[in-house]
$ cat protein-v5.cif   # mmCIF, C-alpha atoms and all ligand atoms
data_query
loop_
_atom_site.label_atom_id
_atom_site.label_comp_id
_atom_site.auth_asym_id
_atom_site.auth_seq_id
_atom_site.Cartn_x
_atom_site.Cartn_y
_atom_site.Cartn_z
CA MET A 270 160.19 50.69 104.57
CA LYS A 271 160.99 52.95 101.61
CA ALA A 272 164.24 54.90 101.51
CA LEU A 273 163.77 58.14 103.40
CA PRO A 274 164.48 61.61 102.16
CA LEU A 275 167.65 63.07 103.53
CA VAL A 276 166.49 66.25 105.14
CA PRO A 277 169.32 68.64 106.06
CA ARG A 278 169.12 69.78 109.69
CA GLU A 279 168.25 73.35 108.65
CA HIS A 280 165.17 72.07 106.78
CA LEU A 281 164.06 69.76 109.58
CA PRO A 282 161.62 72.30 111.17
CA GLU A 283 159.85 72.79 107.84
CA PHE A 284 159.69 69.01 107.37
CA LEU A 285 158.31 68.48 110.90
CA ARG A 286 155.65 71.14 110.41
CA ALA A 287 154.51 69.67 107.09
CA LEU A 288 154.28 66.02 108.14
CA PRO A 289 150.73 64.69 108.45
CA LYS A 290 150.05 63.44 111.98
CA ALA A 291 147.54 61.90 114.36
CA GLU A 292 147.15 63.33 117.86
CA LEU A 293 146.19 60.69 120.43
CA HIS A 294 146.74 62.45 123.77
CA ILE A 295 145.00 65.80 124.06
CA HIS A 296 142.72 66.71 126.98
CA ILE A 297 140.25 68.99 125.29
CA GLU A 298 139.82 71.00 128.52
CA GLY A 299 143.60 71.51 128.37
CA SER A 300 143.23 73.35 125.07
CA LEU A 301 141.23 76.13 126.75
CA GLU A 302 143.35 79.25 126.21
CA PRO A 303 143.28 82.03 128.86
CA GLU A 304 141.57 84.37 126.37
CA LEU A 305 138.72 81.89 125.86
CA ILE A 306 138.49 81.26 129.63
CA PHE A 307 137.92 85.01 130.14
CA LYS A 308 135.46 85.24 127.24
CA LEU A 309 133.39 82.30 128.55
CA ALA A 310 133.58 83.58 132.15
CA LYS A 311 132.08 86.87 130.96
CA ARG A 312 129.46 85.20 128.76
CA ASN A 313 128.36 82.90 131.61
CA GLY A 314 128.77 85.26 134.56
CA VAL A 315 131.35 83.03 136.23
CA ALA A 316 133.77 84.73 138.65
CA LEU A 317 137.48 84.01 138.16
CA SER A 318 140.15 84.38 140.85
CA TYR A 319 142.53 86.12 138.42
CA PRO A 320 142.08 89.78 137.40
CA SER A 321 143.36 89.40 133.81
CA VAL A 322 144.45 87.05 131.04
CA GLU A 323 148.06 87.97 131.81
CA ALA A 324 147.68 87.24 135.53
CA LEU A 325 146.15 83.86 134.73
CA ARG A 326 148.93 83.01 132.30
CA GLN A 327 151.51 83.99 134.91
CA ALA A 328 150.02 81.44 137.28
CA TYR A 329 151.04 78.69 134.84
CA ALA A 330 154.29 77.99 136.70
CA PHE A 331 153.83 74.39 137.73
CA THR A 332 155.96 72.31 140.05
CA ASP A 333 154.31 68.92 139.50
CA LEU A 334 151.15 67.29 138.14
CA GLN A 335 148.93 68.30 141.09
CA SER A 336 149.91 71.98 140.90
CA PHE A 337 148.76 71.93 137.27
CA LEU A 338 145.54 69.99 137.92
CA ASP A 339 144.38 72.53 140.51
CA ILE A 340 144.52 75.34 137.91
CA TYR A 341 143.23 73.15 135.08
CA TYR A 342 140.03 72.22 136.95
CA ALA A 343 139.51 75.89 137.91
CA GLY A 344 139.84 76.89 134.23
CA ALA A 345 137.22 74.32 133.20
CA SER A 346 134.68 75.90 135.58
CA VAL A 347 133.69 78.46 132.90
CA LEU A 348 132.19 75.69 130.71
CA LEU A 349 128.44 75.55 131.24
CA HIS A 350 126.56 75.27 127.95
CA GLU A 351 126.80 73.09 124.86
CA GLN A 352 128.08 76.08 122.87
CA ASP A 353 130.99 76.49 125.33
CA PHE A 354 132.15 72.91 124.76
CA TYR A 355 131.74 73.42 121.02
CA ASP A 356 133.77 76.65 121.01
CA MET A 357 136.58 75.05 123.03
CA ALA A 358 136.86 72.04 120.72
CA TRP A 359 136.51 74.13 117.57
CA ALA A 360 139.41 76.37 118.65
CA TYR A 361 141.52 73.22 119.11
CA PHE A 362 140.58 71.84 115.68
CA GLU A 363 141.64 75.08 113.98
CA LYS A 364 145.07 74.80 115.63
CA ALA A 365 145.25 71.10 114.75
CA ALA A 366 144.50 71.83 111.09
CA ALA A 367 147.38 74.32 110.98
CA ASP A 368 149.68 71.58 112.40
CA HIS A 369 148.61 69.07 109.70
CA VAL A 370 146.75 66.85 112.14
CA LEU A 371 144.67 64.43 110.03
CA HIS A 372 143.10 62.66 112.98
CA ALA A 373 142.63 63.50 116.68
CA GLU A 374 141.33 61.39 119.56
CA LEU A 375 140.15 63.84 122.22
CA PHE A 376 140.07 63.08 125.93
CA PHE A 377 137.37 64.75 127.97
CA ASP A 378 136.79 64.75 131.74
CA PRO A 379 133.00 64.62 132.30
CA GLN A 380 133.23 64.40 136.10
CA THR A 381 134.77 67.89 136.17
CA HIS A 382 131.53 69.14 134.64
CA THR A 383 128.80 66.86 136.02
CA ALA A 384 130.06 67.63 139.56
CA ARG A 385 129.12 71.30 138.82
CA GLY A 386 125.65 70.37 137.61
CA VAL A 387 126.41 70.34 133.88
CA ALA A 388 124.57 67.47 132.17
CA MET A 389 126.52 64.71 130.41
CA GLY A 390 124.51 65.38 127.24
CA THR A 391 125.62 69.03 127.24
CA VAL A 392 129.30 68.04 127.40
CA ILE A 393 129.15 65.26 124.81
CA GLY A 394 126.75 67.17 122.54
CA GLY A 395 129.00 70.23 122.23
CA LEU A 396 132.14 68.18 121.65
CA HIS A 397 130.41 65.88 119.17
CA HIS A 398 129.12 68.74 117.03
CA ALA A 399 132.61 70.27 116.91
CA CYS A 400 133.96 66.86 115.78
CA GLU A 401 131.33 66.75 113.01
CA ASP A 402 132.23 70.26 111.85
CA ALA A 403 135.96 69.46 111.98
CA ARG A 404 135.31 66.66 109.50
CA ALA A 405 133.06 68.77 107.25
CA ARG A 406 134.97 72.06 107.28
CA LEU A 407 138.59 71.13 108.03
CA GLY A 408 138.81 67.53 106.79
CA ILE A 409 139.99 66.34 110.23
CA SER A 410 138.65 63.03 111.49
CA SER A 411 138.24 62.73 115.24
CA ALA A 412 136.78 60.69 118.08
CA LEU A 413 136.05 61.17 121.79
CA ILE A 414 137.54 59.21 124.71
CA LEU A 415 135.83 59.61 128.09
CA CYS A 416 138.34 59.79 130.95
CA PHE A 417 137.61 58.76 134.52
CA LEU A 418 139.23 60.93 137.20
CA ARG A 419 141.42 58.58 139.24
CA HIS A 420 141.39 60.73 142.41
CA LEU A 421 137.65 59.95 142.66
CA SER A 422 136.19 56.54 143.54
CA GLU A 423 135.50 53.62 141.23
CA GLU A 424 131.85 53.97 142.22
CA ASP A 425 131.87 57.52 140.85
CA ALA A 426 133.43 56.19 137.63
CA PHE A 427 130.60 53.63 137.35
CA THR A 428 127.99 56.39 137.81
CA THR A 429 129.74 58.44 135.11
CA LEU A 430 129.72 55.47 132.74
CA GLU A 431 125.97 55.00 133.32
CA GLN A 432 125.35 58.69 132.58
CA ALA A 433 127.33 58.41 129.34
CA LEU A 434 125.77 55.22 127.99
CA PRO A 435 122.80 57.01 126.34
CA TYR A 436 125.53 58.65 124.16
CA ARG A 437 127.44 55.40 123.56
CA GLU A 438 127.68 56.04 119.80
CA ARG A 439 129.42 59.36 120.40
CA PHE A 440 132.56 58.09 122.15
CA ILE A 441 134.89 55.27 121.23
CA GLY A 442 136.64 54.49 124.49
CA VAL A 443 137.61 55.30 128.04
CA GLY A 444 140.78 56.57 129.68
CA LEU A 445 142.10 57.26 133.18
CA ASP A 446 143.65 60.59 134.17
CA SER A 447 144.18 63.09 137.02
CA SER A 448 146.42 62.52 140.09
CA GLU A 449 148.47 59.37 139.52
CA ARG A 450 150.34 59.14 142.83
CA GLY A 451 148.31 57.07 145.32
CA ASN A 452 145.74 56.10 142.66
CA PRO A 453 146.99 52.91 140.95
CA PRO A 454 145.25 51.44 137.89
CA GLU A 455 143.93 48.48 139.96
CA LYS A 456 141.53 50.87 141.70
CA PHE A 457 139.52 50.87 138.44
CA ALA A 458 139.69 47.15 137.58
CA ARG A 459 135.94 46.50 137.63
CA VAL A 460 134.84 49.57 135.69
CA PHE A 461 137.44 48.90 132.98
CA ALA A 462 136.25 45.26 132.78
CA ARG A 463 132.71 46.56 132.24
CA CYS A 464 133.94 48.97 129.53
CA SER A 465 135.66 46.06 127.84
CA GLU A 466 132.36 44.11 127.79
CA LEU A 467 130.72 47.17 126.24
CA GLY A 468 133.23 47.09 123.38
CA LEU A 469 134.90 50.36 124.37
CA HIS A 470 138.57 51.01 123.67
CA ARG A 471 140.70 51.38 126.78
CA VAL A 472 143.70 53.60 127.52
CA ALA A 473 145.20 54.90 130.78
CA HIS A 474 147.72 57.44 132.00
CA ALA A 475 150.49 55.42 133.63
CA GLY A 476 154.13 56.09 134.39
CA GLU A 477 153.84 59.87 134.08
CA GLU A 478 154.81 60.54 137.71
CA GLY A 479 153.88 57.08 138.99
CA PRO A 480 156.19 54.04 139.01
CA PRO A 481 156.81 51.66 136.07
CA ALA A 482 154.69 49.08 137.97
CA PHE A 483 151.60 51.21 137.15
CA ILE A 484 152.31 50.67 133.43
CA THR A 485 152.37 46.92 134.01
CA THR A 486 149.10 46.88 135.98
CA ALA A 487 147.40 49.18 133.45
CA LEU A 488 148.26 46.55 130.81
CA ASP A 489 147.56 43.42 132.85
CA VAL A 490 144.62 44.50 135.02
CA LEU A 491 142.89 47.22 132.97
CA LYS A 492 143.81 45.58 129.63
CA VAL A 493 144.55 48.93 128.04
CA GLU A 494 145.51 49.17 124.37
CA ARG A 495 147.76 52.23 124.76
CA ILE A 496 149.65 53.82 127.64
CA ASP A 497 149.41 57.59 128.04
CA HIS A 498 152.85 59.03 128.92
CA GLY A 499 154.62 55.83 130.07
CA VAL A 500 157.98 57.63 130.24
CA GLN A 501 158.87 56.11 133.64
CA ALA A 502 159.37 52.82 131.75
CA ILE A 503 162.87 54.16 131.14
CA PHE A 504 163.75 52.93 134.66
CA ASP A 505 162.73 49.33 133.94
CA PRO A 506 164.67 47.63 131.08
CA GLN A 507 162.47 44.51 131.17
CA LEU A 508 159.35 46.63 130.82
CA ILE A 509 160.89 48.50 127.86
CA GLU A 510 161.53 45.14 126.22
CA ARG A 511 157.93 44.09 126.83
CA LEU A 512 156.49 47.35 125.44
CA ALA A 513 158.61 46.93 122.29
CA ARG A 514 157.79 43.21 121.88
CA GLU A 515 154.03 43.69 122.38
CA ARG A 516 153.97 46.90 120.30
CA VAL A 517 152.26 48.86 123.06
CA PRO A 518 151.91 52.48 121.93
CA LEU A 519 153.07 55.22 124.32
CA THR A 520 151.47 58.63 123.85
CA VAL A 521 154.37 60.77 125.01
CA CYS A 522 153.96 64.51 125.69
CA PRO A 523 157.37 66.20 125.86
CA LEU A 524 156.35 69.80 126.68
CA SER A 525 153.99 68.51 129.37
CA ASN A 526 156.82 66.46 130.89
CA LEU A 527 159.02 69.56 130.85
CA ARG A 528 156.42 71.89 132.43
CA LEU A 529 155.39 69.37 135.11
CA ARG A 530 159.04 68.59 135.88
CA VAL A 531 158.81 64.95 134.90
CA THR A 532 162.02 65.73 133.01
CA PRO A 533 164.41 68.54 134.08
CA ASP A 534 165.26 69.45 130.49
CA LEU A 535 164.09 68.26 127.05
CA SER A 536 167.68 67.22 126.25
CA LYS A 537 167.32 64.64 129.06
CA HIS A 538 163.92 63.37 127.88
CA PRO A 539 163.82 59.56 127.38
CA LEU A 540 161.85 59.75 124.10
CA LYS A 541 164.79 58.89 121.84
CA GLN A 542 166.01 56.04 124.04
CA LEU A 543 162.52 54.51 124.04
CA LEU A 544 162.21 54.97 120.28
CA ASP A 545 165.64 53.41 119.67
CA ALA A 546 164.63 50.47 121.90
CA GLY A 547 161.81 49.77 119.44
CA VAL A 548 158.92 51.13 121.51
CA MET A 549 155.94 52.49 119.56
CA VAL A 550 156.39 56.09 120.77
CA THR A 551 154.15 58.93 119.54
CA ILE A 552 154.38 62.69 120.21
CA ASN A 553 151.33 64.56 121.59
CA SER A 554 150.46 67.87 123.24
CA ASP A 555 148.51 66.79 126.40
CA ASP A 556 147.25 70.24 127.57
CA PRO A 557 148.63 72.63 124.96
CA ALA A 558 147.11 75.84 126.37
CA TYR A 559 148.94 75.21 129.65
CA PHE A 560 152.24 73.68 128.52
CA GLY A 561 153.45 76.13 125.90
CA GLY A 562 152.56 74.57 122.61
CA TYR A 563 150.41 72.52 120.28
CA LEU A 564 151.51 69.45 118.39
CA ASN A 565 154.01 71.00 115.99
CA GLU A 566 155.64 72.94 118.82
CA ASN A 567 156.13 69.63 120.67
CA PHE A 568 157.83 68.16 117.59
CA LEU A 569 159.98 71.25 116.99
CA GLN A 570 161.25 71.65 120.55
CA THR A 571 161.84 67.91 121.02
CA PHE A 572 163.82 67.65 117.78
CA ALA A 573 165.82 70.77 118.67
CA ALA A 574 166.79 69.26 122.03
CA LEU A 575 167.48 65.62 121.13
CA PRO A 576 169.56 63.96 118.36
CA LEU A 577 166.49 62.99 116.32
CA ASP A 578 166.43 63.04 112.50
CA ALA A 579 163.92 62.87 109.64
CA ALA A 580 163.75 59.06 109.81
CA ASP A 581 162.77 59.35 113.50
CA ALA A 582 160.09 61.90 112.60
CA VAL A 583 158.59 59.56 110.02
CA ARG A 584 158.71 56.70 112.54
CA LEU A 585 156.86 58.86 115.11
CA VAL A 586 154.06 59.91 112.78
CA ARG A 587 153.69 56.38 111.37
CA HIS A 588 153.30 55.19 114.96
CA SER A 589 150.58 57.79 115.52
CA PHE A 590 148.56 56.34 112.62
CA GLU A 591 149.26 52.73 113.66
CA ALA A 592 148.17 53.43 117.23
CA SER A 593 144.99 55.31 116.35
CA PHE A 594 141.58 53.63 116.76
CA VAL A 595 140.51 53.87 113.12
CA ASP A 596 139.55 51.16 110.64
CA GLU A 597 142.19 49.74 108.32
CA ALA A 598 140.98 51.61 105.22
CA THR A 599 141.21 54.93 107.06
CA ARG A 600 144.67 54.04 108.37
CA ALA A 601 145.82 53.14 104.85
CA GLY A 602 144.54 56.55 103.67
CA PHE A 603 146.63 58.31 106.34
CA MET A 604 149.72 56.31 105.32
CA ARG A 605 149.16 57.33 101.68
CA GLN A 606 148.99 60.98 102.69
CA LEU A 607 152.27 60.51 104.55
CA ASP A 608 153.87 58.92 101.49
CA ASP A 609 152.64 61.83 99.34
CA CYS A 610 154.19 64.29 101.76
CA LEU A 611 157.51 62.40 101.74
CA ALA A 612 157.49 62.36 97.93
CA ARG A 613 157.23 66.16 97.93
CA PHE A 614 160.37 66.40 100.07
CA LEU A 615 162.47 64.00 97.93
N1 LIG B 1 148.09 63.85 133.61
C1 LIG B 1 147.06 63.44 134.33
N2 LIG B 1 145.85 63.98 134.24
C2 LIG B 1 145.67 64.99 133.38
C3 LIG B 1 146.70 65.44 132.61
C4 LIG B 1 147.98 64.84 132.72
O1 LIG B 1 148.98 65.20 132.06
N3 LIG B 1 146.20 66.46 131.87
C5 LIG B 1 144.89 66.58 132.18
N4 LIG B 1 144.57 65.68 133.11
ZN ZN B 2 147.33 63.57 129.75
#

$ encode --input "protein-v5.cif" --output "structure tokens" --more "lines below"
Ligand code: HPA
Ligand code: ZN
Amino acid sequence: MKALPLVPREHLPEFLRALPKAELHIHIEGSLEPELIFKLAKRNGVALSYPSVEALRQAYAFTDLQSFLDIYYAGASVLLHEQDFYDMAWAYFEKAAADHVLHAELFFDPQTHTARGVAMGTVIGGLHHACEDARARLGISSALILCFLRHLSEEDAFTTLEQALPYRERFIGVGLDSSERGNPPEKFARVFARCSELGLHRVAHAGEEGPPAFITTALDVLKVERIDHGVQAIFDPQLIERLARERVPLTVCPLSNLRLRVTPDLSKHPLKQLLDAGVMVTINSDDPAYFGGYLNENFLQTFAALPLDAADAVRLVRHSFEASFVDEATRAGFMRQLDDCLARFL
């Protein structure tokens, strides 16, 4: 690796903001800001159980993953038409552009919508058109990853996959999210095997609240290529060694971990220990409208709380490009943009 610019601590925020990045763990429904929830509720005649934007925002005091999911699924209930999905994703892309995101892989939760009678084509169509416009108007490349809700059955996941297959060219992979406790990766062994046969990329949330063993079974049973969160690996030294040796990317989300009380304080977050152990850690925003910040805010607050420096920042963004599901020429282009940015700071 080239010698890195020495960035004085007071210039670190500016450096973090300017770095080009890839975002690999963003639930697009988690980018729905309270203002847009109210606007869409009005447009679609959907009743909300909160009287105002402020009241809704005040309800964002979470105690664990489930307390967040309950509000997150309620927020998504205002999404009915293709234009709604487009507007949500477009608002995210504008924020991502401001944070120097070159590439974003967006999770979406179709079961949240199909269960309310919204067609799969409506969901994927709106998101896909926003992705096309992000490329044309903002220069951001992006891709969609369909997530199965793990609190539902594997049979339901299979039905969802069938409904999505007519749009196979519009998503690159599948993920696994929602309530982790009591819903181990093995529950979805057969549907992930089928996705593998279909040539889909595979990722899964594991070791967010669940035990390190869920990270191991996500890798060995679901054959995932990245682990979403994975921070509970900190309690299993052998697993840390394996993640480092096999270069398994972890899409870590510090502000999410703080808000959902996975970590009591960002200064106690295991991100630096995992990075120093050689794990391919990346920083991501998860559900930025709910957790207090988009990608740059995650970088800024994490670097303010932990003894991380410019070399760590470069390592993190390099990891984000290495872990993204793009072709080698595209990845090389991202790395060149990173080198150009570093040259400007020298
Ligand atoms: N964990 C699990 N499921 C989710 C999350 C998360 O952080 N965000 C949206 N769905
Ligand atoms: Zn997530």

$ atom_distance --input "protein-v5.cif" --atom1 "atom CA of Phe461 of chain A" --atom2 "atom CA of Phe504 of chain A"
26.7 Å

$ residues_around --input "protein-v5.cif" --residues "Ser336 of chain A" --least-positions-apart "5" --cutoff "12 Å" --atoms "all atoms listed in the file" --output "CSV table (one decimal) with C-alpha atoms, in the frame of the given file"
chain,number,residue,atom,x,y,z
A,328,ALA,CA,150.0,81.4,137.3
A,329,TYR,CA,151.0,78.7,134.8
A,330,ALA,CA,154.3,78.0,136.7
A,331,PHE,CA,153.8,74.4,137.7
A,341,TYR,CA,143.2,73.2,135.1
A,342,TYR,CA,140.0,72.2,137.0
A,343,ALA,CA,139.5,75.9,137.9
A,447,SER,CA,144.2,63.1,137.0
A,448,SER,CA,146.4,62.5,140.1
A,528,ARG,CA,156.4,71.9,132.4
A,529,LEU,CA,155.4,69.4,135.1
A,530,ARG,CA,159.0,68.6,135.9
A,559,TYR,CA,148.9,75.2,129.6

$ residues_near_ligand --input "protein-v5.cif" --ligand "ligand LIG 1 (chain B)" --cutoff "8 Å" --atoms "only C-alpha atoms and all ligand atoms" --output "VMD selection string"
chain A and resid 295 to 296 298 to 299 334 338 341 378 418 445 to 449 474 477 498 525 555 to 556

$ closest_residue --input "protein-v5.cif" --among "A:Ser300, A:Ser321, A:Gln335, A:Thr428" --to "Asp356 of chain A" --atoms "all atoms listed in the file"
A:Ser300

$ residues_near_point --input "protein-v5.cif" --point "(145.4, 82.9, 126.8)" --cutoff "7 Å" --atoms "all atoms listed in the file" --output "ChimeraX atom specification"
/A:302-305,322,326

$ residues_near_point --input "protein-v5.cif" --point "(148.1, 58.8, 113.0)" --cutoff "10 Å" --atoms "only C-alpha atoms" --output "PDB file with C-alpha atoms, keeping the file's coordinate frame"
ATOM      1  CA  PRO A 289     150.730  64.690 108.450  1.00  0.00           C
ATOM      2  CA  LYS A 290     150.050  63.440 111.980  1.00  0.00           C
ATOM      3  CA  ALA A 291     147.540  61.900 114.360  1.00  0.00           C
ATOM      4  CA  GLU A 292     147.150  63.330 117.860  1.00  0.00           C
ATOM      5  CA  LEU A 293     146.190  60.690 120.430  1.00  0.00           C
ATOM      6  CA  VAL A 370     146.750  66.850 112.140  1.00  0.00           C
ATOM      7  CA  LEU A 371     144.670  64.430 110.030  1.00  0.00           C
ATOM      8  CA  HIS A 372     143.100  62.660 112.980  1.00  0.00           C
ATOM      9  CA  ALA A 373     142.630  63.500 116.680  1.00  0.00           C
ATOM     10  CA  GLU A 374     141.330  61.390 119.560  1.00  0.00           C
ATOM     11  CA  THR A 551     154.150  58.930 119.540  1.00  0.00           C
ATOM     12  CA  LEU A 585     156.860  58.860 115.110  1.00  0.00           C
ATOM     13  CA  VAL A 586     154.060  59.910 112.780  1.00  0.00           C
ATOM     14  CA  ARG A 587     153.690  56.380 111.370  1.00  0.00           C
ATOM     15  CA  HIS A 588     153.300  55.190 114.960  1.00  0.00           C
ATOM     16  CA  SER A 589     150.580  57.790 115.520  1.00  0.00           C
ATOM     17  CA  PHE A 590     148.560  56.340 112.620  1.00  0.00           C
ATOM     18  CA  GLU A 591     149.260  52.730 113.660  1.00  0.00           C
ATOM     19  CA  ALA A 592     148.170  53.430 117.230  1.00  0.00           C
ATOM     20  CA  SER A 593     144.990  55.310 116.350  1.00  0.00           C
ATOM     21  CA  PHE A 594     141.580  53.630 116.760  1.00  0.00           C
ATOM     22  CA  VAL A 595     140.510  53.870 113.120  1.00  0.00           C
ATOM     23  CA  THR A 599     141.210  54.930 107.060  1.00  0.00           C
ATOM     24  CA  ARG A 600     144.670  54.040 108.370  1.00  0.00           C
ATOM     25  CA  PHE A 603     146.630  58.310 106.340  1.00  0.00           C
ATOM     26  CA  MET A 604     149.720  56.310 105.320  1.00  0.00           C
ATOM     27  CA  LEU A 607     152.270  60.510 104.550  1.00  0.00           C
TER      28      LEU A 607
END

$ build_atoms --input "protein-v5.cif" --residues "segment 315-327 of chain A" --atoms "N, CA, C and O atoms" --output "PDB file, keeping the file's coordinate frame"
ATOM      1  N   VAL A 315     130.581  83.822 135.257  1.00  0.00           N
ATOM      2  CA  VAL A 315     131.350  83.030 136.230  1.00  0.00           C
ATOM      3  C   VAL A 315     132.505  83.900 136.749  1.00  0.00           C
ATOM      4  O   VAL A 315     133.215  84.532 135.954  1.00  0.00           O
ATOM      5  N   ALA A 316     132.680  83.932 138.068  1.00  0.00           N
ATOM      6  CA  ALA A 316     133.770  84.730 138.650  1.00  0.00           C
ATOM      7  C   ALA A 316     135.078  83.941 138.587  1.00  0.00           C
ATOM      8  O   ALA A 316     135.103  82.742 138.854  1.00  0.00           O
ATOM      9  N   LEU A 317     136.164  84.643 138.207  1.00  0.00           N
ATOM     10  CA  LEU A 317     137.480  84.010 138.160  1.00  0.00           C
ATOM     11  C   LEU A 317     138.352  84.593 139.269  1.00  0.00           C
ATOM     12  O   LEU A 317     138.165  85.751 139.639  1.00  0.00           O
ATOM     13  N   SER A 318     139.308  83.811 139.779  1.00  0.00           N
ATOM     14  CA  SER A 318     140.150  84.380 140.850  1.00  0.00           C
ATOM     15  C   SER A 318     141.372  85.121 140.314  1.00  0.00           C
ATOM     16  O   SER A 318     142.250  85.481 141.095  1.00  0.00           O
ATOM     17  N   TYR A 319     141.424  85.348 138.997  1.00  0.00           N
ATOM     18  CA  TYR A 319     142.530  86.120 138.420  1.00  0.00           C
ATOM     19  C   TYR A 319     141.958  87.372 137.755  1.00  0.00           C
ATOM     20  O   TYR A 319     140.936  87.299 137.080  1.00  0.00           O
ATOM     21  N   PRO A 320     142.632  88.530 137.928  1.00  0.00           N
ATOM     22  CA  PRO A 320     142.080  89.780 137.400  1.00  0.00           C
ATOM     23  C   PRO A 320     142.201  89.911 135.875  1.00  0.00           C
ATOM     24  O   PRO A 320     141.441  90.670 135.272  1.00  0.00           O
ATOM     25  N   SER A 321     143.144  89.201 135.247  1.00  0.00           N
ATOM     26  CA  SER A 321     143.360  89.400 133.810  1.00  0.00           C
ATOM     27  C   SER A 321     143.922  88.137 133.163  1.00  0.00           C
ATOM     28  O   SER A 321     144.409  87.230 133.858  1.00  0.00           O
ATOM     29  N   VAL A 322     143.862  88.144 131.828  1.00  0.00           N
ATOM     30  CA  VAL A 322     144.450  87.050 131.040  1.00  0.00           C
ATOM     31  C   VAL A 322     145.925  86.878 131.410  1.00  0.00           C
ATOM     32  O   VAL A 322     146.413  85.765 131.611  1.00  0.00           O
ATOM     33  N   GLU A 323     146.620  88.015 131.512  1.00  0.00           N
ATOM     34  CA  GLU A 323     148.060  87.970 131.810  1.00  0.00           C
ATOM     35  C   GLU A 323     148.321  87.360 133.181  1.00  0.00           C
ATOM     36  O   GLU A 323     149.241  86.558 133.352  1.00  0.00           O
ATOM     37  N   ALA A 324     147.491  87.761 134.169  1.00  0.00           N
ATOM     38  CA  ALA A 324     147.680  87.240 135.530  1.00  0.00           C
ATOM     39  C   ALA A 324     147.440  85.731 135.557  1.00  0.00           C
ATOM     40  O   ALA A 324     148.156  84.986 136.234  1.00  0.00           O
ATOM     41  N   LEU A 325     146.431  85.300 134.781  1.00  0.00           N
ATOM     42  CA  LEU A 325     146.150  83.860 134.730  1.00  0.00           C
ATOM     43  C   LEU A 325     147.332  83.126 134.116  1.00  0.00           C
ATOM     44  O   LEU A 325     147.824  82.128 134.654  1.00  0.00           O
ATOM     45  N   ARG A 326     147.817  83.675 132.990  1.00  0.00           N
ATOM     46  CA  ARG A 326     148.930  83.010 132.300  1.00  0.00           C
ATOM     47  C   ARG A 326     150.167  82.940 133.215  1.00  0.00           C
ATOM     48  O   ARG A 326     150.906  81.953 133.184  1.00  0.00           O
ATOM     49  N   GLN A 327     150.350  83.982 134.009  1.00  0.00           N
ATOM     50  CA  GLN A 327     151.510  83.990 134.910  1.00  0.00           C
ATOM     51  C   GLN A 327     151.414  82.921 135.990  1.00  0.00           C
ATOM     52  O   GLN A 327     152.427  82.520 136.554  1.00  0.00           O
TER      53      GLN A 327
END
